[in-house]
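Asker: The structure under discussion is supplied below as structure tokens; questions concerning it will follow.
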Protein chains: 2
Amino acid sequence: MEKISEAFSFGGKQFVFSHASIVNDCKMTLAIFTPPQVKNPPVLWYLSGLTCSHLNVMEKGEYRKKAAELGMVIICPDTSPRGDQVPDEKDNWQFGSGAGFYLDATQQPYDKNYNMYSYLNDELPKLVENNFDFDMSRQSIFGHSMGGHGAIIMALRNPEKYKSCSAFAPIVEPSTASWSSEAFKKYIGLDKDNWQMYDSVALIKNGYRFPEILVDQGEADSFLEDGLRPWLLEDACRKAGIKLNLRMQPNYDHSYFFISTFMTDHLNWHRDRI
Amino acid sequence: MEKISEAFSFGGKQFVFSHASIVNDCKMTLAIFTPPQVKNPPVLWYLSGLTCSHLNVMEKGEYRKKAAELGMVIICPDTSPRGDQVPDEKDNWQFGSGAGFYLDATQQPYDKNYNMYSYLNDELPKLVENNFDFDMSRQSIFGHSMGGHGAIIMALRNPEKYKSCSAFAPIVEPSTASWSSEAFKKYIGLDKDNWQMYDSVALIKNGYRFPEILVDQGEADSFLEDGLRPWLLEDACRKAGIKLNLRMQPNYDHSYFFISTFMTDHLNWHRDRI
């Protein structure tokens with residue numbers, strides 16, 4: 001882990017690190033906030049949305065004040081592999097750089113680099129464990145939009161690993177949403193059976209469970225009807241007996257003005273469960 | 001005033017507007033946050049630092065939560081005129097675009113556009129008054145670095161207008177600091193007598209008064225010794241009987257990680273006095 005920057009904030013420290021990733025075969029960057037005066041703090045992972053890097057939530061998420069108060073580490077990874085040697089579609093914001101969709105690609109030429117699921121599930125937690133005195137027996141996860149999708153599939157597939165899960169405006173059924181299904185085709189091929197392990201609603205239908213999930217969704221979100229569709233998650237959770245706390249927030253859009261507004265609620269949600 | 005964007009946040013609204021400025025002879029952009037459910041809210045002006053626009057504090061300042069709670073409008077103007085027809089030095093971050101220094105230029109070719117003092121003192125408040133139901137009898141001002149300089153000179157020169165003044169890491173004596181004196185030469189010429197109206201320490205020495213000022217200054221600020229030098233303000237205030245609450249903050253740097261940490265304290269300071 002190479003330290004890129006370090007700044008005091010709210011009594012804690014906001015770091016940016018980079019490191020060589022084996023599973024993504026490139027250099028990856030991430031932000032880590034450490035709270036003040038806490039030994040072995042628990043870890044809350046935040047997964048970001050399309051077009052974002054580790055920077056967006058670090059600059060606009062307004063998580064430090066509450067995380068410092070609650071004594072939680074916040075880790076904000078990047079959303080995809082990056083670099084000159086990483087295949088990309090520069091003009092397509094829904095695929096490639098900034099759009100890793102938290103899956104492991106199986107299709108050439110993407111399978112060499114686009115392995116964000118394994119990166120976040122295996123490689124990065126191990127690296128963090130080896131480099132910091134965090135309490136890795138207490139981890140939780142949340143995220144926004146594509147990162148909300150990432151957080152929920154991670155929790156459903158690893159219910160013993162994460163103490164809690166929440167999301168801001170998650171993509172709940174990426175396999176049938178236009179802004180994600182095209183990426184799924186290129187990353188993991190045309191056989192839609194293979195898509196189901198990266199689709200929250202499909203995972204729940206297939207028996208994957210997580211005890212409870214908090215979701216905030218803005219009613220003025222321009223992606224609501226077409227890409228996000230929280231009612232699909234609501235329906236799947238109801239049938240599966242998963243406690244979904246879906247809060248529709250009048251007037252709020254898809255931006256960090258929305259996320260920052262409800263950030264404190266999410267941190268409290270996780271702190272009560274981690 | 002043309003509305004560029006609008007987003008709900010913390011129950012209030014974060015707007016960006018643009019308008020034609022007469023005194024700066026260009027289009028100017030600014031951010032305005034309006035709190036929820038307050039009639040005739042008071043107005044707190046935030047002036048930004050070198051290289052910034054209205055965006056930096058809007059994205060990283062973390063002022064909305066507390067401003068919504070306290071019922072205060074936050075107005076964040078740009079730091080200089082901008083546009084193809086505005087003379088600039090593209091590679092110089094201490095002069096031209098992003099470096100208006102809150103003064104009225106007298107030297108050609110800058111005098112046509114670089115009139116941020118008159119813009120903030122006269123034109124913009126009048127425009128705001130004509131377009132919004134804010135209580136313009138209750139205004140306060142604060143800012144960061146170059147904007148801290150702007151806030152303090154504004155308050156010293158208009159003690160009847162502003163109810164309170166504070167600053168994060170202000171440039172307190174720009175006429176003798178290397179990163180500002182070169183700009184002063186180009187904007188207002190070689191006669192240093194003319195610089196004194198835009199220099200907090202000089203204004204105080206010349207009899208200008210404001211009852212009390214809050215200043216937070218990071219001790220790990222890389223500009224502390226050379227450009228900021230809060231002890232010059234401390235000395236001038238002590239001799240003048242101005243109550244300066246100078247808080248040296250160990251470990252903090254010059255960034256928005258520092259500003260956001262103490263933002264709530266500053267909003268409370270202003271709310272108690274506005």
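Starting from 1 in every chain, residues are counted up; chains themselves are A, B, ... following the order of the structure tokens, and ligands are numbered from 1 as listed.
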Report as a tab-separated table (two decimals) with N, CA and C atoms, in the first residue's frame the set of chain A residues whose atoms approach chain B to within 7 Å, with distances computed over only C-alpha atoms.
Answerer:
```tsv
chain	number	residue	atom	x	y	z
A	7	ALA	N	-4.80	13.60	5.30
A	7	ALA	CA	-5.24	14.90	5.85
A	7	ALA	C	-6.06	14.67	7.10
A	8	PHE	N	-5.81	15.49	8.10
A	8	PHE	CA	-6.65	15.48	9.29
A	8	PHE	C	-8.04	15.97	8.96
A	9	SER	N	-9.06	15.34	9.53
A	9	SER	CA	-10.43	15.80	9.33
A	9	SER	C	-11.31	15.26	10.44
A	10	PHE	N	-12.02	16.14	11.10
A	10	PHE	CA	-12.91	15.75	12.20
A	10	PHE	C	-12.18	14.90	13.25
A	59	GLU	N	-15.10	13.40	-1.27
A	59	GLU	CA	-15.26	14.85	-1.32
A	59	GLU	C	-16.67	15.30	-0.97
A	60	LYS	N	-17.67	14.54	-1.37
A	60	LYS	CA	-19.05	15.02	-1.29
A	60	LYS	C	-19.94	14.23	-0.34
A	62	GLU	N	-19.83	13.53	2.92
A	62	GLU	CA	-20.07	14.07	4.27
A	62	GLU	C	-20.20	12.96	5.32
A	251	ASN	N	-38.74	14.57	-3.42
A	251	ASN	CA	-37.95	15.70	-3.95
A	251	ASN	C	-36.46	15.42	-4.17
A	252	TYR	N	-35.95	14.35	-3.60
A	252	TYR	CA	-34.50	14.13	-3.73
A	252	TYR	C	-34.16	13.45	-5.05
A	253	ASP	N	-32.98	13.84	-5.58
A	253	ASP	CA	-32.52	13.29	-6.86
A	253	ASP	C	-31.46	12.20	-6.64
A	257	PHE	N	-26.00	15.44	-3.22
A	257	PHE	CA	-26.85	16.29	-2.37
A	257	PHE	C	-27.87	15.43	-1.64
A	258	PHE	N	-28.31	14.38	-2.30
A	258	PHE	CA	-29.22	13.38	-1.69
A	258	PHE	C	-28.45	12.46	-0.74
A	261	THR	N	-27.35	13.94	2.55
A	261	THR	CA	-28.48	14.23	3.44
A	261	THR	C	-28.78	13.04	4.35
```
Asker: Give the strand (DSSP E) residues of region 18-97 of chain A, as DSSP finds them on the backbone, and put them as number ranges by chain.
Answerer: A: 18-21, 26-34, 43-47, 73-77
Asker: Hey, which of B:Ser164, B:Asn121, B:Ser175, B:Asn194 ends up closest to Leu214 (chain B)? Count only C-alpha atoms.
Answerer: B:Ser164
Asker: Let's see if you can do this: from backbone DSSP, list all helix (DSSP H, G or I) residues in region 14-98 of chain B, as a PyMOL selection string.
Answerer: chain B and resi 54-60+64-70
Asker: Can you list, as a list in words, every protein, DNA or RNA residue that comes within 10 Å of Lys186 (chain A) when you count only C-alpha atoms, leaving out same-chain residues fewer than 6 positions away?
Answerer: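 Here the answer would be Phe95, Gly96, Ala105, Thr106, Gln107, Gln108, Pro109, Tyr110 and Asp111 of chain A.
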Asker: Considering only C-alpha atoms, return as number ranges by chain whatever protein or nucleic-acid residues lie within 9 Å of region 24-33 of chain A, sequence-local ones (same chain, fewer than 2 positions apart) excluded.
Answerer: A: 4, 9, 12-22, 35, 53-55, 58, 64, 67-68, 72-78, 80-83, 85-86, 111-116, 118-119
Asker: So that I can check the surroundings of Val201 (chain B), please list as a PyMOL selection string every protein, DNA and RNA residue that reaches within 9 Å of it, counting only C-alpha atoms and ignoring chain neighbours fewer than 6 positions away.
Answerer: chain B and resi 172-174+232-233+235-237
Asker: Mind giving me the straight-line distance from CA of Arg138 (chain A) to CA of Leu103 (chain A) in Å, one decimal?
Answerer: 23.4 Å
Asker: I want to know what sits within 8 Å of Leu156 (chain A), based on only C-alpha atoms, with residues of the same chain fewer than 5 positions away left out; could you give that as a PDB file with N, CA and C atoms, in the first residue's frame?
Answerer:
```pdb
ATOM      1  N   SER A 200     -29.253  -8.551  -7.545  1.00  0.00           N
ATOM      2  CA  SER A 200     -29.841  -8.690  -6.200  1.00  0.00           C
ATOM      3  C   SER A 200     -31.176  -9.409  -6.233  1.00  0.00           C
ATOM      4  N   LEU A 203     -30.717 -13.046  -7.075  1.00  0.00           N
ATOM      5  CA  LEU A 203     -30.116 -13.771  -5.955  1.00  0.00           C
ATOM      6  C   LEU A 203     -31.171 -14.109  -4.900  1.00  0.00           C
ATOM      7  N   ILE A 204     -32.011 -13.148  -4.587  1.00  0.00           N
ATOM      8  CA  ILE A 204     -33.058 -13.389  -3.579  1.00  0.00           C
ATOM      9  C   ILE A 204     -34.024 -14.463  -4.076  1.00  0.00           C
ATOM     10  N   TYR A 208     -30.839 -16.674  -1.874  1.00  0.00           N
ATOM     11  CA  TYR A 208     -29.838 -15.946  -1.084  1.00  0.00           C
ATOM     12  C   TYR A 208     -30.557 -15.002  -0.123  1.00  0.00           C
ATOM     13  N   ARG A 209     -30.027 -14.885   1.070  1.00  0.00           N
ATOM     14  CA  ARG A 209     -30.711 -14.118   2.115  1.00  0.00           C
ATOM     15  C   ARG A 209     -29.749 -13.203   2.867  1.00  0.00           C
ATOM     16  N   PHE A 210     -30.281 -12.067   3.281  1.00  0.00           N
ATOM     17  CA  PHE A 210     -29.609 -11.185   4.245  1.00  0.00           C
ATOM     18  C   PHE A 210     -30.715 -10.670   5.152  1.00  0.00           C
TER      19      PHE A 210
END
```
Asker: If we count only C-alpha atoms, what is near Ala183 (chain B) at a cut-off of 9 Å, once residues fewer than 5 positions away on the same chain are taken out, given as a ChimeraX atom specification?
Answerer: /B:94-96,99-101,188
